[in-house]
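Input: a single structure, listed below in structure tokens.
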Amino acid sequence: MNSDIIIIGGGAAGAMAGVYASRYGSSVIIFEPNGKIGKKLAITGKGRCNVTNNCSDDELMRNIPVNSRFLYSAFSQYSVCDTMNFFEEAGVPLKTERGNRVFPVSDKASDIVSAIDSELRKNSVKILKKRVTDLIIDNGVCVGVKAEGKDYYSRSVLIATGGKSYPGTGSTGDGYALAVQAGHSITEIKPSLVPLVCNEKYCRDMMGLSLKNVTLNLFDRSKLIYHELGEMLFTHFGISGPLVLSASSHISEMEQNRYKIQIDLKPGLSLEQLDARIQRDFKENQNRIFGNSLGKLLPAKLVPVMVKLSGIPGETKVNSVTREQRINLGMIMKNFPLTVKGFRPVEEAIITSGGVNVREINPKTMESKLVSGLFFAGEVLDVDGYTGGFNLQIAFSTAYSAALNM
């Protein structure tokens, strides 16, 4: 036997499982083709690393739209507080920001990676820069792996390879093939927490425009399926930003014109209050043309688009704008229209939706129900949460459960 435990993948889940398995006295080898742990972890949160979300258990479950009940036991064994305590005790002070998002005080994701790496070294965990190509299964028991032509044997094997998003960090989907080799089924793989492509050409006209404190409403045909206040960004292909990434996880099968988005640009004002504000601005600029009268109300890049959508000729004097035209203008500001055309490629997604079918995994131990000694943790499983630290908490909690039971 080469080690007690073999871990395939040195991302958030694999590395954390390595820490705890070694703390419990097991010898551990992590196979990581990058040669270094936490490559994807180092770029999360725009390089700041949103390690978890400092919220209640109920709130945590509400922010995991896919198979949250499967994670109940894992979260009970390893909570948000446990994650925060781990990093604080490892010498990384944390802070909680808007939306209960937890970051290192230093705003450096590298501090998070270094803390985990230091714990692995302290416990003599070996990291091999090799790609695992096959599992070694003997009479229904996983007893090791093949890596670059060589066999490595162990008591237990953990697949923690991540999904298919950000393939440059090592998430190339290898874990799915290994799971299938063991007889597991894989639910449909698609991007999640991903920017959206829109039909409207005016998105390109507003490229680079960031909107704060707006409300995004996502409709599946006529049914409202997502509603949230926050930030978003217009791009050359459509829209991105925190609101959009979270909304994307509610979109299932992409069909032409099925999903519509309405942006409330002024969520703090009722339609009546907004109309009063527009009237006030018009009164102050009554000799101006309509196209030059919205500068106080809207960002510059948005004004030409709003003028076009309103149907009011830009050269119209504001004192000639009718009440009906003005009310319609307010309605568009409260319901700015976008039509979802598709997802950006999975390579641009923060996480991958779909993965190893959780019905085939013991939720209390993360062990395969099909092959003894084979465990799973993190994004390779068919579980995913919204943006805000929830996916890293899934990785850490499932990793702990696996480590505890390997």
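We name chains A, B, ... following the order of the structure tokens; residues begin at 1 in each chain, and ligands are numbered from 1 as shown.
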
Open item on the list: Just want the 10 Å neighbourhood of Ala300 in chain A, counted on only C-alpha atoms, with same-chain residues fewer than 6 positions away dropped. Output as a PyMOL selection string.
Closed with: chain A and resi 206+209+292+294

- [ ] Can you pull out every residue within 9 Å of Ser249 in chain A, counting only C-alpha atoms, but drop anything in the same chain fewer than 4 positions away, and send it as a list in words?
- [x]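 Close residues of Ser249 in chain A: Pro65, Val66, Pro191, Ser192, Leu193, Val194, Leu245, Ser353, Asp384, Gly385 and Tyr386 of chain A.
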
TODO: Enter the distance from CA of Asn2 in chain A to CA of Asn34 in chain A, in Å, rounded to one decimal.
DONE: 20.9 Å

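Using only C-alpha atoms, the shortest contact distance between Gly18 in chain A and any of A:Gly291, A:Met406, A:Val380, A:Ala177 is found at A:Met406.
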
Task: Residues of range 43-288 of chain A in strand (DSSP E), written as a PyMOL selection string - done: chain A and resi 52-53+94-97+101-104+126-128+132-138+141-147+150-153+156-159+190-192+196-198+210-220+223-234+238-240+259-264

Write the selection just made, keeping C-alpha atoms, as a PDB file, in the first residue's frame?
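Output below, filename out.pdb:
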ATOM      1  CA  THR A  52     -17.888  31.094   2.975  1.00  0.00           C
ATOM      2  CA  ASN A  53     -21.082  32.937   3.878  1.00  0.00           C
ATOM      3  CA  LEU A  94     -11.454  37.052   8.343  1.00  0.00           C
ATOM      4  CA  LYS A  95     -14.059  39.765   7.817  1.00  0.00           C
ATOM      5  CA  THR A  96     -17.750  39.677   6.884  1.00  0.00           C
ATOM      6  CA  GLU A  97     -18.921  42.042   4.151  1.00  0.00           C
ATOM      7  CA  ARG A 101     -19.730  37.228   2.388  1.00  0.00           C
ATOM      8  CA  VAL A 102     -16.580  36.222   4.263  1.00  0.00           C
ATOM      9  CA  PHE A 103     -13.130  37.296   2.997  1.00  0.00           C
ATOM     10  CA  PRO A 104      -9.621  37.342   4.444  1.00  0.00           C
ATOM     11  CA  LYS A 126       2.440  14.225  -0.382  1.00  0.00           C
ATOM     12  CA  ILE A 127       1.407  16.115  -3.507  1.00  0.00           C
ATOM     13  CA  LEU A 128       2.217  14.308  -6.761  1.00  0.00           C
ATOM     14  CA  VAL A 132      -4.970   9.904 -12.568  1.00  0.00           C
ATOM     15  CA  THR A 133      -6.322   7.991 -15.563  1.00  0.00           C
ATOM     16  CA  ASP A 134      -8.090   5.026 -13.957  1.00  0.00           C
ATOM     17  CA  LEU A 135      -9.417   3.670 -10.699  1.00  0.00           C
ATOM     18  CA  ILE A 136      -8.246   0.248  -9.516  1.00  0.00           C
ATOM     19  CA  ILE A 137     -11.376  -1.647  -8.478  1.00  0.00           C
ATOM     20  CA  ASP A 138     -11.181  -5.183  -7.093  1.00  0.00           C
ATOM     21  CA  VAL A 141     -13.811  -2.231  -3.726  1.00  0.00           C
ATOM     22  CA  CYS A 142     -11.684   0.728  -4.861  1.00  0.00           C
ATOM     23  CA  VAL A 143      -8.142  -0.125  -3.826  1.00  0.00           C
ATOM     24  CA  GLY A 144      -6.128   2.497  -5.693  1.00  0.00           C
ATOM     25  CA  VAL A 145      -5.509   4.425  -8.900  1.00  0.00           C
ATOM     26  CA  LYS A 146      -3.434   4.366 -12.069  1.00  0.00           C
ATOM     27  CA  ALA A 147      -1.474   7.543 -12.745  1.00  0.00           C
ATOM     28  CA  LYS A 150       1.939   3.416 -12.547  1.00  0.00           C
ATOM     29  CA  ASP A 151      -0.337   1.779  -9.962  1.00  0.00           C
ATOM     30  CA  TYR A 152      -0.818   3.349  -6.521  1.00  0.00           C
ATOM     31  CA  TYR A 153      -2.663   1.448  -3.789  1.00  0.00           C
ATOM     32  CA  SER A 156      -9.687   4.688   0.299  1.00  0.00           C
ATOM     33  CA  VAL A 157      -9.844   6.960  -2.754  1.00  0.00           C
ATOM     34  CA  LEU A 158     -11.485  10.391  -2.892  1.00  0.00           C
ATOM     35  CA  ILE A 159     -12.512  11.978  -6.196  1.00  0.00           C
ATOM     36  CA  LYS A 190     -23.923  22.635 -17.896  1.00  0.00           C
ATOM     37  CA  PRO A 191     -22.508  25.994 -16.835  1.00  0.00           C
ATOM     38  CA  SER A 192     -23.813  27.641 -13.663  1.00  0.00           C
ATOM     39  CA  LEU A 196     -25.713  35.355 -20.074  1.00  0.00           C
ATOM     40  CA  VAL A 197     -25.889  36.097 -23.786  1.00  0.00           C
ATOM     41  CA  CYS A 198     -28.806  38.391 -24.706  1.00  0.00           C
ATOM     42  CA  SER A 210     -21.924  48.625 -14.214  1.00  0.00           C
ATOM     43  CA  LEU A 211     -25.237  49.107 -12.400  1.00  0.00           C
ATOM     44  CA  LYS A 212     -25.507  49.029  -8.614  1.00  0.00           C
ATOM     45  CA  ASN A 213     -28.598  48.708  -6.444  1.00  0.00           C
ATOM     46  CA  VAL A 214     -30.850  47.495  -9.238  1.00  0.00           C
ATOM     47  CA  THR A 215     -33.319  44.621  -9.068  1.00  0.00           C
ATOM     48  CA  LEU A 216     -33.158  41.751 -11.542  1.00  0.00           C
ATOM     49  CA  ASN A 217     -36.326  39.776 -12.245  1.00  0.00           C
ATOM     50  CA  LEU A 218     -35.976  36.544 -14.246  1.00  0.00           C
ATOM     51  CA  PHE A 219     -39.070  35.058 -15.873  1.00  0.00           C
ATOM     52  CA  ASP A 220     -39.510  31.535 -17.250  1.00  0.00           C
ATOM     53  CA  LYS A 223     -43.490  32.908 -14.234  1.00  0.00           C
ATOM     54  CA  LEU A 224     -41.132  34.881 -11.984  1.00  0.00           C
ATOM     55  CA  ILE A 225     -38.367  32.451 -10.920  1.00  0.00           C
ATOM     56  CA  TYR A 226     -35.691  34.790  -9.524  1.00  0.00           C
ATOM     57  CA  HIS A 227     -35.814  38.249  -7.923  1.00  0.00           C
ATOM     58  CA  GLU A 228     -32.866  39.973  -6.255  1.00  0.00           C
ATOM     59  CA  LEU A 229     -31.290  43.379  -5.593  1.00  0.00           C
ATOM     60  CA  GLY A 230     -27.613  43.877  -6.365  1.00  0.00           C
ATOM     61  CA  GLU A 231     -25.036  44.628  -9.064  1.00  0.00           C
ATOM     62  CA  MET A 232     -24.748  43.741 -12.741  1.00  0.00           C
ATOM     63  CA  LEU A 233     -22.665  44.588 -15.783  1.00  0.00           C
ATOM     64  CA  PHE A 234     -23.357  45.050 -19.499  1.00  0.00           C
ATOM     65  CA  GLY A 238     -25.067  40.495 -22.948  1.00  0.00           C
ATOM     66  CA  ILE A 239     -24.895  40.761 -19.163  1.00  0.00           C
ATOM     67  CA  SER A 240     -22.728  39.598 -16.259  1.00  0.00           C
ATOM     68  CA  TYR A 259     -36.344  33.364 -20.459  1.00  0.00           C
ATOM     69  CA  LYS A 260     -36.935  37.097 -20.106  1.00  0.00           C
ATOM     70  CA  ILE A 261     -35.232  39.515 -17.741  1.00  0.00           C
ATOM     71  CA  GLN A 262     -36.578  42.807 -16.455  1.00  0.00           C
ATOM     72  CA  ILE A 263     -34.276  45.208 -14.634  1.00  0.00           C
ATOM     73  CA  ASP A 264     -35.778  47.684 -12.196  1.00  0.00           C
TER      74      ASP A 264
END

Task: Selected residue of minimal separation from Phe87 in chain A among A:Asp117, A:Asn391, A:Ile112, A:Ser73, counting only C-alpha atoms - done: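 Result for the nearest residue to Phe87 in chain A: A:Ile112.
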
- [ ] Go through range 151-280 of chain A and collect every residue that DSSP, computed from the backbone, puts in helix (DSSP H, G or I); the answer should be as a PyMOL selection string.
- [x] chain A and resi 167-169+174-181+202-205+242-248+271-280

Open item on the list: Applying 9 Å and only C-alpha atoms, which residues near Lys129 in chain A remain after dropping the ones on its own chain fewer than 6 positions away? List them as a ChimeraX atom specification.
Closed with: /A:30-36

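The residue that comes closest to Ile351 in chain A, out of A:Lys317, A:Lys308, A:Lys40, A:Lys296 and on the basis of only C-alpha atoms, is A:Lys40.
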
Open item on the list: I'd like to know which of A:Asp275, A:Asp107, A:Asp205, A:Glu347 is closest to Pro304 in chain A, using only C-alpha atoms.
Closed with: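 Among the listed residues, A:Asp205 lies closest to Pro304 in chain A.
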
Task: Using only C-alpha atoms: which of A:Met61, A:Val80, A:Cys49, A:Leu374 has the shortest distance to Ala109 in chain A - done: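 Among the listed residues, A:Cys49 lies closest to Ala109 in chain A.
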
Ile327 in chain A: which residues within 12 Å, counting only C-alpha atoms, same-chain residues fewer than 6 positions away excluded, as a compact mmCIF listing (two decimals) with N, CA and C atoms, in the first residue's frame?
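Dumped to around07.txt:
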# COMPACT_ATOMS: atom_id res chain seq x y z
N SER A 270 -41.38 54.00 -6.25
CA SER A 270 -42.57 53.43 -6.88
C SER A 270 -42.73 54.11 -8.24
N LEU A 271 -43.61 53.56 -9.08
CA LEU A 271 -43.83 54.16 -10.39
C LEU A 271 -44.31 55.61 -10.25
N GLU A 272 -45.17 55.86 -9.26
CA GLU A 272 -45.68 57.21 -9.03
C GLU A 272 -44.55 58.15 -8.58
N GLN A 273 -43.69 57.66 -7.67
CA GLN A 273 -42.57 58.48 -7.20
C GLN A 273 -41.58 58.76 -8.33
N LEU A 274 -41.36 57.76 -9.17
CA LEU A 274 -40.45 57.94 -10.30
C LEU A 274 -41.02 58.95 -11.28
N ASP A 275 -42.34 58.88 -11.53
CA ASP A 275 -42.96 59.85 -12.44
C ASP A 275 -42.82 61.26 -11.90
N ALA A 276 -42.98 61.41 -10.58
CA ALA A 276 -42.82 62.73 -9.97
C ALA A 276 -41.38 63.24 -10.15
N ARG A 277 -40.43 62.33 -10.02
CA ARG A 277 -39.03 62.69 -10.22
C ARG A 277 -38.76 63.10 -11.67
N ILE A 278 -39.33 62.35 -12.62
CA ILE A 278 -39.16 62.69 -14.04
C ILE A 278 -39.77 64.06 -14.33
N GLN A 279 -40.96 64.31 -13.76
CA GLN A 279 -41.61 65.61 -13.96
C GLN A 279 -40.74 66.74 -13.42
N SER A 310 -38.05 54.24 -25.40
CA SER A 310 -39.24 55.02 -25.02
C SER A 310 -40.11 55.36 -26.21
N ILE A 312 -39.92 58.05 -27.81
CA ILE A 312 -40.03 59.52 -27.85
C ILE A 312 -38.86 60.05 -28.68
N VAL A 321 -43.50 66.53 -24.19
CA VAL A 321 -43.69 65.10 -23.89
C VAL A 321 -45.04 64.92 -23.20
N MET A 333 -38.12 52.18 -17.27
CA MET A 333 -37.07 52.26 -16.24
C MET A 333 -37.30 51.22 -15.14
N LYS A 334 -38.56 50.93 -14.87
CA LYS A 334 -38.88 49.95 -13.83
C LYS A 334 -38.87 48.50 -14.36

- [ ] Find the residues near Val125 in chain A: any atom within 6 Å, counting only C-alpha atoms, skip ones fewer than 5 places away on the same chain, and give them as a ChimeraX atom specification.
- [x] /A:28-29,120

Task: Distance criterion (only C-alpha atoms): nearest to Leu265 in chain A out of A:Asn405, A:Ser106, A:Ser222, A:Asn335 - done: A:Asn335

- [ ] Could you tell me how far CA of Pro337 in chain A lies from CA of Pro313 in chain A, in Å and to one decimal?
- [x]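 According to the coordinates, CA of Pro337 in chain A and CA of Pro313 in chain A are separated by 19.4 Å.
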